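Chemist: My structure is stored as target_1.tsv, with TSV, C-alpha atoms and all ligand atoms.
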chain	number	residue	atom	x	y	z
G	1	MET	CA	37.14	-17.59	8.06
G	2	THR	CA	35.45	-20.20	10.22
G	3	THR	CA	34.37	-19.69	13.81
G	4	PRO	CA	34.94	-22.72	16.06
G	5	ALA	CA	32.16	-23.42	18.55
G	6	ALA	CA	34.34	-22.42	21.52
G	7	THR	CA	35.12	-19.07	19.89
G	8	ALA	CA	31.47	-18.44	19.03
G	9	ALA	CA	30.54	-19.02	22.68
G	10	SER	CA	33.06	-16.36	23.71
G	11	LEU	CA	31.57	-13.86	21.24
G	12	VAL	CA	27.95	-14.07	22.33
G	13	ARG	CA	26.36	-12.66	25.50
G	14	PRO	CA	27.35	-14.80	28.52
G	15	ALA	CA	23.64	-15.44	29.23
G	16	ILE	CA	23.33	-17.09	25.80
G	17	ALA	CA	26.59	-19.05	26.05
G	18	GLU	CA	25.46	-20.53	29.37
G	19	LEU	CA	22.03	-21.49	28.06
G	20	ALA	CA	21.28	-25.10	27.12
G	21	GLY	CA	18.51	-23.96	24.74
G	22	TYR	CA	14.94	-25.22	24.69
G	23	VAL	CA	14.53	-28.65	23.07
G	24	PRO	CA	11.04	-29.16	21.59
G	25	GLY	CA	9.46	-32.60	21.39
G	26	GLU	CA	10.49	-34.87	18.51
G	27	GLN	CA	8.98	-33.83	15.15
G	28	PRO	CA	9.86	-36.60	12.66
G	29	GLN	CA	9.62	-35.14	9.14
G	30	SER	CA	9.37	-38.43	7.27
G	31	GLY	CA	7.84	-41.87	7.65
G	32	LYS	CA	4.56	-42.86	9.22
G	33	TRP	CA	4.34	-42.21	12.94
G	34	ILE	CA	1.59	-42.12	15.48
G	35	LYS	CA	2.44	-38.82	17.18
G	36	LEU	CA	1.22	-38.61	20.75
G	37	ASN	CA	4.14	-36.54	22.01
G	38	THR	CA	3.57	-32.80	21.44
G	39	ASN	CA	-0.13	-32.31	22.18
G	40	GLU	CA	-1.16	-31.52	18.64
G	41	ASN	CA	-4.81	-31.94	17.75
G	42	PRO	CA	-5.25	-35.21	15.78
G	43	TYR	CA	-8.05	-33.79	13.60
G	44	ALA	CA	-8.00	-31.43	10.61
G	45	PRO	CA	-8.83	-27.79	11.42
G	46	SER	CA	-12.15	-26.18	10.47
G	47	PRO	CA	-12.61	-26.20	6.65
G	48	ALA	CA	-13.21	-22.44	6.96
G	49	VAL	CA	-9.44	-22.09	7.57
G	50	ALA	CA	-8.43	-23.39	4.12
G	51	ARG	CA	-11.01	-21.15	2.45
G	52	ALA	CA	-9.72	-18.08	4.32
G	53	VAL	CA	-6.10	-18.89	3.45
G	54	ALA	CA	-6.95	-19.43	-0.24
G	55	ALA	CA	-8.92	-16.18	-0.42
G	56	THR	CA	-6.07	-14.26	1.21
G	57	ALA	CA	-3.51	-15.77	-1.16
G	58	GLU	CA	-5.42	-14.51	-4.21
G	59	GLY	CA	-4.91	-11.01	-5.61
G	60	ARG	CA	-2.45	-8.55	-4.10
G	61	THR	CA	-3.05	-9.02	-0.36
G	62	LEU	CA	0.25	-10.80	0.19
G	63	ALA	CA	2.16	-8.09	-1.66
G	64	LYS	CA	1.40	-5.73	1.21
G	65	TYR	CA	2.49	-5.83	4.85
G	66	PRO	CA	-0.11	-7.32	7.15
G	67	ASP	CA	-2.10	-5.32	9.72
G	68	PRO	CA	0.40	-4.92	12.63
G	69	LEU	CA	-2.47	-5.17	15.13
G	70	ALA	CA	-4.45	-8.03	13.50
G	71	THR	CA	-7.57	-5.89	13.88
G	72	VAL	CA	-10.04	-8.23	12.13
G	73	PHE	CA	-9.05	-11.04	14.44
G	74	ARG	CA	-9.24	-8.88	17.57
G	75	MET	CA	-12.71	-7.59	16.63
G	76	ARG	CA	-14.06	-11.10	16.10
G	77	ALA	CA	-12.33	-12.61	19.14
G	78	ALA	CA	-13.46	-9.71	21.34
G	79	GLU	CA	-17.07	-10.32	20.39
G	80	ILE	CA	-16.81	-14.06	21.04
G	81	LEU	CA	-14.91	-13.74	24.32
G	82	GLY	CA	-16.85	-10.75	25.63
G	83	VAL	CA	-13.90	-8.38	26.01
G	84	ASP	CA	-12.95	-5.14	24.23
G	85	PRO	CA	-10.57	-5.45	21.18
G	86	ASP	CA	-8.09	-3.15	22.97
G	87	TRP	CA	-7.63	-5.90	25.57
G	88	ILE	CA	-6.21	-8.33	22.98
G	89	ILE	CA	-2.71	-8.62	21.50
G	90	CYS	CA	-1.85	-11.28	18.91
G	91	GLY	CA	1.32	-13.29	18.46
G	92	ASN	CA	3.15	-15.73	16.21
G	93	GLY	CA	1.96	-18.62	18.38
G	94	SER	CA	1.49	-18.09	22.10
G	95	ASP	CA	5.24	-18.74	22.58
G	96	ASP	CA	5.77	-15.36	20.86
G	97	LEU	CA	3.56	-13.73	23.50
G	98	LEU	CA	5.42	-15.46	26.34
G	99	THR	CA	8.67	-14.04	24.90
G	100	ILE	CA	7.13	-10.56	24.58
G	101	LEU	CA	5.88	-10.76	28.19
G	102	VAL	CA	9.27	-11.73	29.62
G	103	ARG	CA	11.05	-9.07	27.57
G	104	THR	CA	8.53	-6.46	28.73
G	105	PHE	CA	8.52	-7.21	32.44
G	106	VAL	CA	11.76	-8.99	33.42
G	107	GLY	CA	15.15	-7.29	33.17
G	108	GLU	CA	18.64	-8.73	33.52
G	109	GLY	CA	19.29	-10.00	37.03
G	110	GLU	CA	15.58	-9.84	37.96
G	111	TRP	CA	13.30	-12.79	38.78
G	112	LEU	CA	10.65	-14.79	36.96
G	113	ARG	CA	8.62	-17.18	39.12
G	114	ILE	CA	7.11	-20.36	37.69
G	115	ALA	CA	5.39	-23.42	39.08
G	116	TYR	CA	7.31	-26.72	38.71
G	117	PRO	CA	7.04	-29.16	36.98
G	118	SER	CA	5.60	-27.21	34.07
G	119	TYR	CA	6.35	-25.90	30.57
G	120	ILE	CA	10.15	-25.98	30.22
G	121	LEU	CA	10.24	-22.99	27.85
G	122	TYR	CA	9.55	-20.50	30.69
G	123	ARG	CA	12.97	-21.15	32.21
G	124	THR	CA	14.65	-20.69	28.81
G	125	LEU	CA	12.92	-17.33	28.34
G	126	ALA	CA	14.27	-16.11	31.69
G	127	GLY	CA	17.73	-17.33	30.67
G	128	LEU	CA	17.59	-15.39	27.38
G	129	GLN	CA	16.96	-12.22	29.38
G	130	GLY	CA	19.83	-12.96	31.74
G	131	ALA	CA	17.16	-13.15	34.43
G	132	HIS	CA	16.76	-15.66	37.27
G	133	CYS	CA	14.01	-18.22	37.37
G	134	GLU	CA	12.47	-19.36	40.64
G	135	GLU	CA	10.73	-22.72	40.35
G	136	LEU	CA	8.11	-23.26	43.00
G	137	MET	CA	7.26	-26.95	43.39
G	138	TYR	CA	3.61	-28.02	43.12
G	139	GLU	CA	2.23	-29.97	46.08
G	140	ARG	CA	2.02	-33.72	45.41
G	141	ASP	CA	-1.68	-33.30	44.47
G	142	TRP	CA	-0.70	-30.59	41.92
G	143	SER	CA	-2.16	-27.75	43.99
G	144	LEU	CA	-0.16	-24.58	44.65
G	145	SER	CA	0.84	-23.39	48.12
G	146	ASP	CA	0.74	-19.76	49.23
G	147	ALA	CA	4.51	-19.64	48.68
G	148	PHE	CA	3.73	-19.11	44.98
G	149	ALA	CA	2.47	-15.62	45.91
G	150	ALA	CA	5.17	-14.75	48.44
G	151	PRO	CA	7.09	-11.49	47.94
G	152	ARG	CA	10.70	-11.64	46.78
G	153	PRO	CA	13.05	-8.78	45.90
G	154	GLY	CA	13.40	-8.39	42.13
G	155	LEU	CA	10.36	-10.56	41.37
G	156	LYS	CA	8.82	-9.08	38.20
G	157	LEU	CA	6.56	-11.72	36.64
G	158	ALA	CA	5.01	-15.11	37.37
G	159	PHE	CA	3.85	-17.80	34.93
G	160	LEU	CA	1.20	-20.41	35.57
G	161	ALA	CA	0.27	-22.94	32.89
G	162	ASN	CA	-3.40	-23.65	33.58
G	163	PRO	CA	-4.27	-26.41	32.74
G	164	ASN	CA	-0.70	-27.37	33.52
G	165	SER	CA	1.59	-29.49	31.39
G	166	PRO	CA	2.58	-32.30	32.02
G	167	SER	CA	-0.10	-32.93	34.67
G	168	GLY	CA	-3.21	-31.71	32.82
G	169	THR	CA	-4.45	-30.39	36.17
G	170	LEU	CA	-6.23	-27.10	36.77
G	171	VAL	CA	-5.84	-24.57	39.57
G	172	SER	CA	-9.36	-23.18	40.06
G	173	PRO	CA	-9.98	-19.58	38.95
G	174	ASP	CA	-10.83	-18.67	42.56
G	175	ARG	CA	-7.47	-19.95	43.75
G	176	VAL	CA	-5.69	-18.18	40.86
G	177	ALA	CA	-7.43	-14.93	41.87
G	178	GLU	CA	-6.30	-15.42	45.47
G	179	LEU	CA	-2.68	-15.93	44.40
G	180	ALA	CA	-2.80	-13.05	41.90
G	181	ASP	CA	-4.11	-10.65	44.55
G	182	ARG	CA	-1.19	-11.47	46.84
G	183	LEU	CA	1.56	-11.56	44.22
G	184	PRO	CA	3.65	-8.37	44.02
G	185	CYS	CA	3.95	-8.72	40.21
G	186	PRO	CA	1.76	-9.58	37.18
G	187	LEU	CA	0.65	-13.19	36.80
G	188	VAL	CA	0.47	-14.75	33.33
G	189	VAL	CA	-2.07	-17.56	33.15
G	190	ASP	CA	-1.00	-19.64	30.14
G	191	GLU	CA	-4.24	-21.18	28.85
G	192	ALA	CA	-2.76	-23.02	25.86
G	193	TYR	CA	-5.11	-25.89	26.87
G	194	GLY	CA	-7.92	-23.68	28.20
G	195	ASP	CA	-10.50	-24.80	25.63
G	196	PHE	CA	-10.32	-28.39	26.93
G	197	ALA	CA	-10.88	-27.40	30.57
G	198	ASP	CA	-14.04	-26.98	32.65
G	199	ALA	CA	-13.05	-23.47	33.77
G	200	HIS	CA	-10.80	-20.61	32.64
G	201	CYS	CA	-9.43	-17.32	33.95
G	202	LEU	CA	-10.52	-14.83	31.25
G	203	ASP	CA	-12.93	-13.15	33.68
G	204	LEU	CA	-10.06	-12.61	36.11
G	205	VAL	CA	-8.35	-10.24	33.68
G	206	ARG	CA	-11.13	-7.75	34.38
G	207	ARG	CA	-11.34	-8.49	38.12
G	208	CYS	CA	-7.64	-8.62	39.02
G	209	GLU	CA	-5.49	-5.80	37.72
G	210	ARG	CA	-2.38	-7.91	37.27
G	211	VAL	CA	-3.72	-11.04	35.56
G	212	ILE	CA	-2.83	-11.67	31.91
G	213	VAL	CA	-4.20	-14.68	30.02
G	214	THR	CA	-2.58	-16.24	26.94
G	215	ARG	CA	-4.28	-18.56	24.45
G	216	SER	CA	-2.97	-20.70	21.60
G	217	PHE	CA	-4.43	-21.89	18.27
G	218	SER	CA	-2.01	-24.83	18.22
G	219	LYS	CA	-3.96	-27.26	20.39
G	220	SER	CA	-7.73	-26.73	20.48
G	221	TYR	CA	-7.96	-25.23	16.96
G	222	ALA	CA	-5.67	-27.83	15.33
G	223	LEU	CA	-3.40	-25.10	13.92
G	224	ALA	CA	0.05	-25.86	15.38
G	225	GLY	CA	1.55	-25.53	11.89
G	226	LEU	CA	0.09	-22.07	11.40
G	227	ARG	CA	1.50	-20.20	14.45
G	228	PHE	CA	-1.09	-17.98	16.06
G	229	GLY	CA	-1.93	-17.06	19.63
G	230	PHE	CA	-3.16	-14.10	21.62
G	231	ALA	CA	-3.07	-12.56	25.07
G	232	VAL	CA	-5.84	-10.82	26.98
G	233	ALA	CA	-4.70	-8.05	29.31
G	234	ARG	CA	-5.69	-4.56	30.45
G	235	PRO	CA	-5.29	-2.00	27.62
G	236	GLU	CA	-2.53	-0.17	29.55
G	237	ILE	CA	-0.54	-3.42	29.61
G	238	VAL	CA	-1.36	-4.21	25.95
G	239	ALA	CA	0.00	-0.76	25.00
G	240	GLU	CA	3.34	-1.62	26.64
G	241	LEU	CA	3.47	-5.09	25.06
G	242	ARG	CA	2.90	-3.55	21.61
G	243	LYS	CA	6.16	-1.62	21.96
G	244	VAL	CA	8.08	-4.85	22.42
G	245	LYS	CA	6.57	-7.08	19.73
G	246	ASP	CA	7.87	-7.23	16.16
G	247	SER	CA	5.76	-4.86	14.01
G	248	TYR	CA	4.54	-7.68	11.76
G	249	ASN	CA	4.63	-10.63	14.14
G	250	CYS	CA	1.49	-12.16	12.59
G	251	ASP	CA	1.30	-12.63	8.82
G	252	ALA	CA	-1.78	-12.03	6.66
G	253	LEU	CA	-2.45	-15.76	6.14
G	254	SER	CA	-2.41	-16.59	9.83
G	255	ILE	CA	-4.57	-13.58	10.75
G	256	ALA	CA	-7.19	-14.62	8.17
G	257	ALA	CA	-6.99	-18.28	9.19
G	258	ALA	CA	-7.25	-17.62	12.93
G	259	THR	CA	-10.23	-15.30	12.36
G	260	ALA	CA	-12.02	-18.02	10.39
G	261	ALA	CA	-11.10	-20.63	13.01
G	262	ILE	CA	-12.36	-18.71	16.04
G	263	ASP	CA	-15.55	-17.92	14.12
G	264	ASP	CA	-16.40	-21.63	13.67
G	265	ARG	CA	-17.85	-22.25	17.13
G	266	ALA	CA	-19.53	-25.51	16.05
G	267	TRP	CA	-16.19	-26.98	14.94
G	268	LEU	CA	-14.60	-26.15	18.31
G	269	ALA	CA	-17.46	-27.66	20.31
G	270	ASP	CA	-17.46	-30.84	18.22
G	271	ASN	CA	-13.67	-31.23	18.36
G	272	ARG	CA	-13.59	-30.66	22.09
G	273	ALA	CA	-16.31	-33.28	22.66
G	274	LYS	CA	-14.33	-35.85	20.65
G	275	ILE	CA	-11.08	-35.14	22.51
G	276	VAL	CA	-12.79	-35.23	25.91
G	277	ALA	CA	-14.43	-38.60	25.12
G	278	THR	CA	-11.15	-40.16	23.94
G	279	ARG	CA	-9.36	-38.64	26.96
G	280	ARG	CA	-11.80	-40.52	29.23
G	281	ARG	CA	-11.09	-43.82	27.39
G	282	LEU	CA	-7.33	-43.31	27.51
G	283	THR	CA	-7.35	-42.43	31.21
G	284	ASP	CA	-9.44	-45.49	32.15
G	285	ALA	CA	-7.37	-47.83	29.97
G	286	MET	CA	-4.08	-46.64	31.53
G	287	ARG	CA	-5.55	-47.15	35.00
G	288	ALA	CA	-6.56	-50.67	34.02
G	289	LEU	CA	-2.90	-51.24	33.06
G	290	GLY	CA	-1.81	-50.27	36.57
G	291	TYR	CA	-0.83	-46.65	35.92
G	292	ASP	CA	-1.70	-43.64	38.01
G	293	ALA	CA	-3.34	-41.56	35.28
G	294	ILE	CA	-4.32	-38.12	36.51
G	295	GLU	CA	-7.77	-36.79	35.65
G	296	SER	CA	-6.87	-34.35	32.83
G	297	GLN	CA	-8.35	-30.98	31.87
G	298	ALA	CA	-6.21	-30.84	28.71
G	299	ASN	CA	-5.62	-32.94	25.55
G	300	PHE	CA	-3.03	-35.24	27.15
G	301	VAL	CA	-2.80	-37.54	30.14
G	302	TRP	CA	0.10	-37.74	32.62
G	303	CYS	CA	0.78	-41.31	33.65
G	304	THR	CA	3.16	-42.71	36.24
G	305	HIS	CA	3.58	-46.31	37.31
G	306	PRO	CA	4.28	-47.12	40.97
G	307	ASP	CA	6.99	-49.69	40.16
G	308	ARG	CA	7.51	-50.10	36.40
G	309	PRO	CA	10.23	-47.83	34.90
G	310	HIS	CA	8.90	-45.33	32.35
G	311	LYS	CA	11.73	-44.91	29.86
G	312	PRO	CA	11.68	-48.48	28.44
G	313	VAL	CA	7.96	-48.04	27.73
G	314	TYR	CA	8.67	-44.88	25.73
G	315	GLU	CA	11.48	-46.69	23.88
G	316	ALA	CA	9.43	-49.81	23.10
G	317	LEU	CA	6.64	-47.64	21.67
G	318	LYS	CA	9.12	-45.60	19.62
G	319	ALA	CA	10.54	-48.83	18.13
G	320	GLN	CA	7.01	-49.45	16.84
G	321	ARG	CA	6.68	-45.89	15.53
G	322	VAL	CA	4.45	-44.58	18.29
G	323	LEU	CA	5.82	-41.41	19.91
G	324	ILE	CA	4.82	-40.39	23.41
G	325	ARG	CA	6.71	-38.02	25.73
G	326	PHE	CA	9.01	-39.38	28.42
G	327	MET	CA	9.56	-36.53	30.88
G	328	GLN	CA	12.11	-36.30	33.69
G	329	TYR	CA	11.73	-33.59	36.29
G	330	PRO	CA	14.66	-33.50	38.73
G	331	GLY	CA	13.33	-33.27	42.29
G	332	TRP	CA	9.87	-34.41	41.25
G	333	GLY	CA	10.17	-37.64	39.27
G	334	ASP	CA	9.58	-38.90	35.77
G	335	GLY	CA	6.53	-40.08	33.86
G	336	LEU	CA	4.82	-40.46	30.51
G	337	ARG	CA	2.76	-37.74	28.89
G	338	ILE	CA	0.40	-39.12	26.27
G	339	THR	CA	-1.43	-36.82	23.86
G	340	VAL	CA	-5.08	-37.63	23.17
G	341	GLY	CA	-5.06	-38.79	19.53
G	342	THR	CA	-7.93	-40.14	17.46
G	343	ASP	CA	-9.70	-43.22	18.82
G	344	ALA	CA	-7.84	-45.34	16.24
G	345	GLU	CA	-4.46	-43.91	17.32
G	346	ILE	CA	-5.21	-44.49	20.98
G	347	ASP	CA	-6.35	-48.06	20.20
G	348	ALA	CA	-3.06	-48.73	18.36
G	349	PHE	CA	-1.12	-47.28	21.29
G	350	LEU	CA	-3.05	-49.36	23.84
G	351	THR	CA	-2.60	-52.55	21.79
G	352	ILE	CA	1.19	-52.12	22.08
G	353	MET	CA	0.95	-51.16	25.77
G	354	LYS	CA	-0.86	-54.43	26.52
G	355	THR	CA	2.03	-56.44	25.05
G	356	LEU	CA	4.72	-54.74	27.17
E	1	LIG	C1	1.94	-25.76	23.41
E	1	LIG	C2	2.11	-24.79	24.51
E	1	LIG	C3	2.35	-23.43	24.26
E	1	LIG	C4	2.75	-22.94	22.89
E	1	LIG	O1	1.77	-22.74	22.05
E	1	LIG	P1	2.06	-22.11	20.62
E	1	LIG	O2	0.85	-21.29	20.39
E	1	LIG	O3	2.20	-23.26	19.68
E	1	LIG	O4	3.31	-21.28	20.66
E	1	LIG	C5	2.38	-22.55	25.32
E	1	LIG	N1	2.21	-22.98	26.59
E	1	LIG	C6	2.01	-24.26	26.88
E	1	LIG	C7	1.85	-24.69	28.29
E	1	LIG	C8	1.97	-25.21	25.85
E	1	LIG	O5	1.84	-26.50	26.13
Starting from the file, lay out its structure as structure tokens.

Modeler:
Amino acid sequence: MTTPAATAASLVRPAIAELAGYVPGEQPQSGKWIKLNTNENPYAPSPAVARAVAATAEGRTLAKYPDPLATVFRMRAAEILGVDPDWIICGNGSDDLLTILVRTFVGEGEWLRIAYPSYILYRTLAGLQGAHCEELMYERDWSLSDAFAAPRPGLKLAFLANPNSPSGTLVSPDRVAELADRLPCPLVVDEAYGDFADAHCLDLVRRCERVIVTRSFSKSYALAGLRFGFAVARPEIVAELRKVKDSYNCDALSIAAATAAIDDRAWLADNRAKIVATRRRLTDAMRALGYDAIESQANFVWCTHPDRPHKPVYEALKAQRVLIRFMQYPGWGDGLRITVGTDAEIDAFLTIMKTL
């Protein structure tokens, strides 16, 4: 028996049937592309990662279930970050933690508050819960007004990507603390790009009772294909989040790999320096081409042109096998988000840009 699409939609929860579903950036699986569209790191991860994966794959380790709490990783990360291991919970990428957070705090018919324009997935996560999503517009200079902290009946959780995507801008930790203190609900500071920024909010987790920070291994550790992330929160909150997560949400290979990656501090410092230097070059070159390129604290640059349309630029680049992200934000405007690649990739991109 087959189930036509219309019938399937009538079988599922109404919240799912109404949902458009999150659409990730293009991931071509064949051919040679210069990929500057999904903020992956252009460099290979620390060589310690491959060694850890190989060692874990030997013997009988993979025959057993992994440690549900990823203890070796939490011990190592706690030491490096200066927090207690009980303040850390790991996930299958930081998206997994964002899902766990929404499921833990936001019930059907309740509210999630997010800044806008930002990471589109947040809205999808609220939709999956049958919850409402309030999008509070950034000011034109990408700062946040006090309205972000205003009370609202049914408001259960707020998300702030910091640095933000697509802007690459940072709300200072002092300002985040101010907003968190006024908010009537927990505030998740999504630091997927935190390692590229000049400041972060890890210290706030201790200072402000309701701040939770999430981190990803996909961007700064060059491990998007591995799927690992973690959150830092008070142990009472971590205990609640543990009830919601899948028992084995992180596999043995990714736990070993992430532990090796976070341990290689020299690799991170070197990679960050390379990305920051190329980010400077990309920003200046786009400005020379007439774009408003915002000073970025992440591994991408948000560019808008005062009078040239953005979509044809994206299309012309794609025709030459260079992918960047064309983003449209209703009520805000559109623009181009360009990931910081290697110097050679950025040179190839700029060569095409100069011909357009
Ligand atoms: C990339 C990204 C994530 C997801 O990271 P994963 O660890 O790959 O799941 C989360 N938040 C923001 C803002 C991102 O850009």

Chemist: Could you give me, as a ChimeraX atom specification, the residues within 8 Å of His132 (chain G), counting only C-alpha atoms and dropping anything in the same chain fewer than 2 positions from it?

Modeler: /G:109-112,126-127,130,134

Chemist: Using only C-alpha atoms and all ligand atoms, what are the residues with an atom within 9 Å of ligand LIG 1 (chain E), set out as a PyMOL selection string?

Modeler: chain G and resi 38-40+91-98+118-122+160-166+190-193+214-219+223-230

Chemist: Find the spatial neighbours of Arg234 (chain G), counting all atoms listed in the file, within a cut-off of 12 Å - ignore same-chain residues fewer than 5 positions away - and output them as a ChimeraX atom specification.

Modeler: /G:83-89,186,202-213,239-241

Chemist: Would you work out the distance separating CA of Ala147 (chain G) from CA of Leu179 (chain G), expressed in Å to one decimal?

Modeler: 9.2 Å

Chemist: Can you work out which one of G:Ala52, G:Ile338, G:Val313, G:Val276 has the shortest atom-to-atom distance to Asp263 (chain G), counting all atoms listed in the file?

Modeler: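 Among the listed residues, the smallest separation from Asp263 (chain G) belongs to G:Ala52.
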
Chemist: Name all residues at most 10 Å from Lys354 (chain G) (count only C-alpha atoms; drop same-chain ones fewer than 2 positions away) and give them as a list in words.

Modeler: Ala285, Met286, Leu289, Phe349, Leu350, Thr351, Ile352 and Leu356 of chain G

Chemist: When you draw a straight line from CA of Ala180 (chain G) to CA of Asp195 (chain G), how long is it in Å?

Modeler: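 Answer for the CA of Ala180 (chain G) to CA of Asp195 (chain G) separation: 21.5 Å.
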
Chemist: What separation in Å, quoted to one decimal, exists between CA of Ala78 (chain G) and CA of Lys245 (chain G)?

Modeler: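 Taking CA of Ala78 (chain G) and CA of Lys245 (chain G), their separation equals 20.3 Å.
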
Chemist: Given 8 Å on each side, where is the centre and what are the edge lengths in Å to one decimal of the axis-aligned box enclosing the listed atoms of region 48-66 of chain G, as JSON?

Modeler:
{"center_x": -5.4, "center_y": -14.6, "center_z": 1.0, "size_x": 31.7, "size_y": 33.7, "size_z": 29.2}
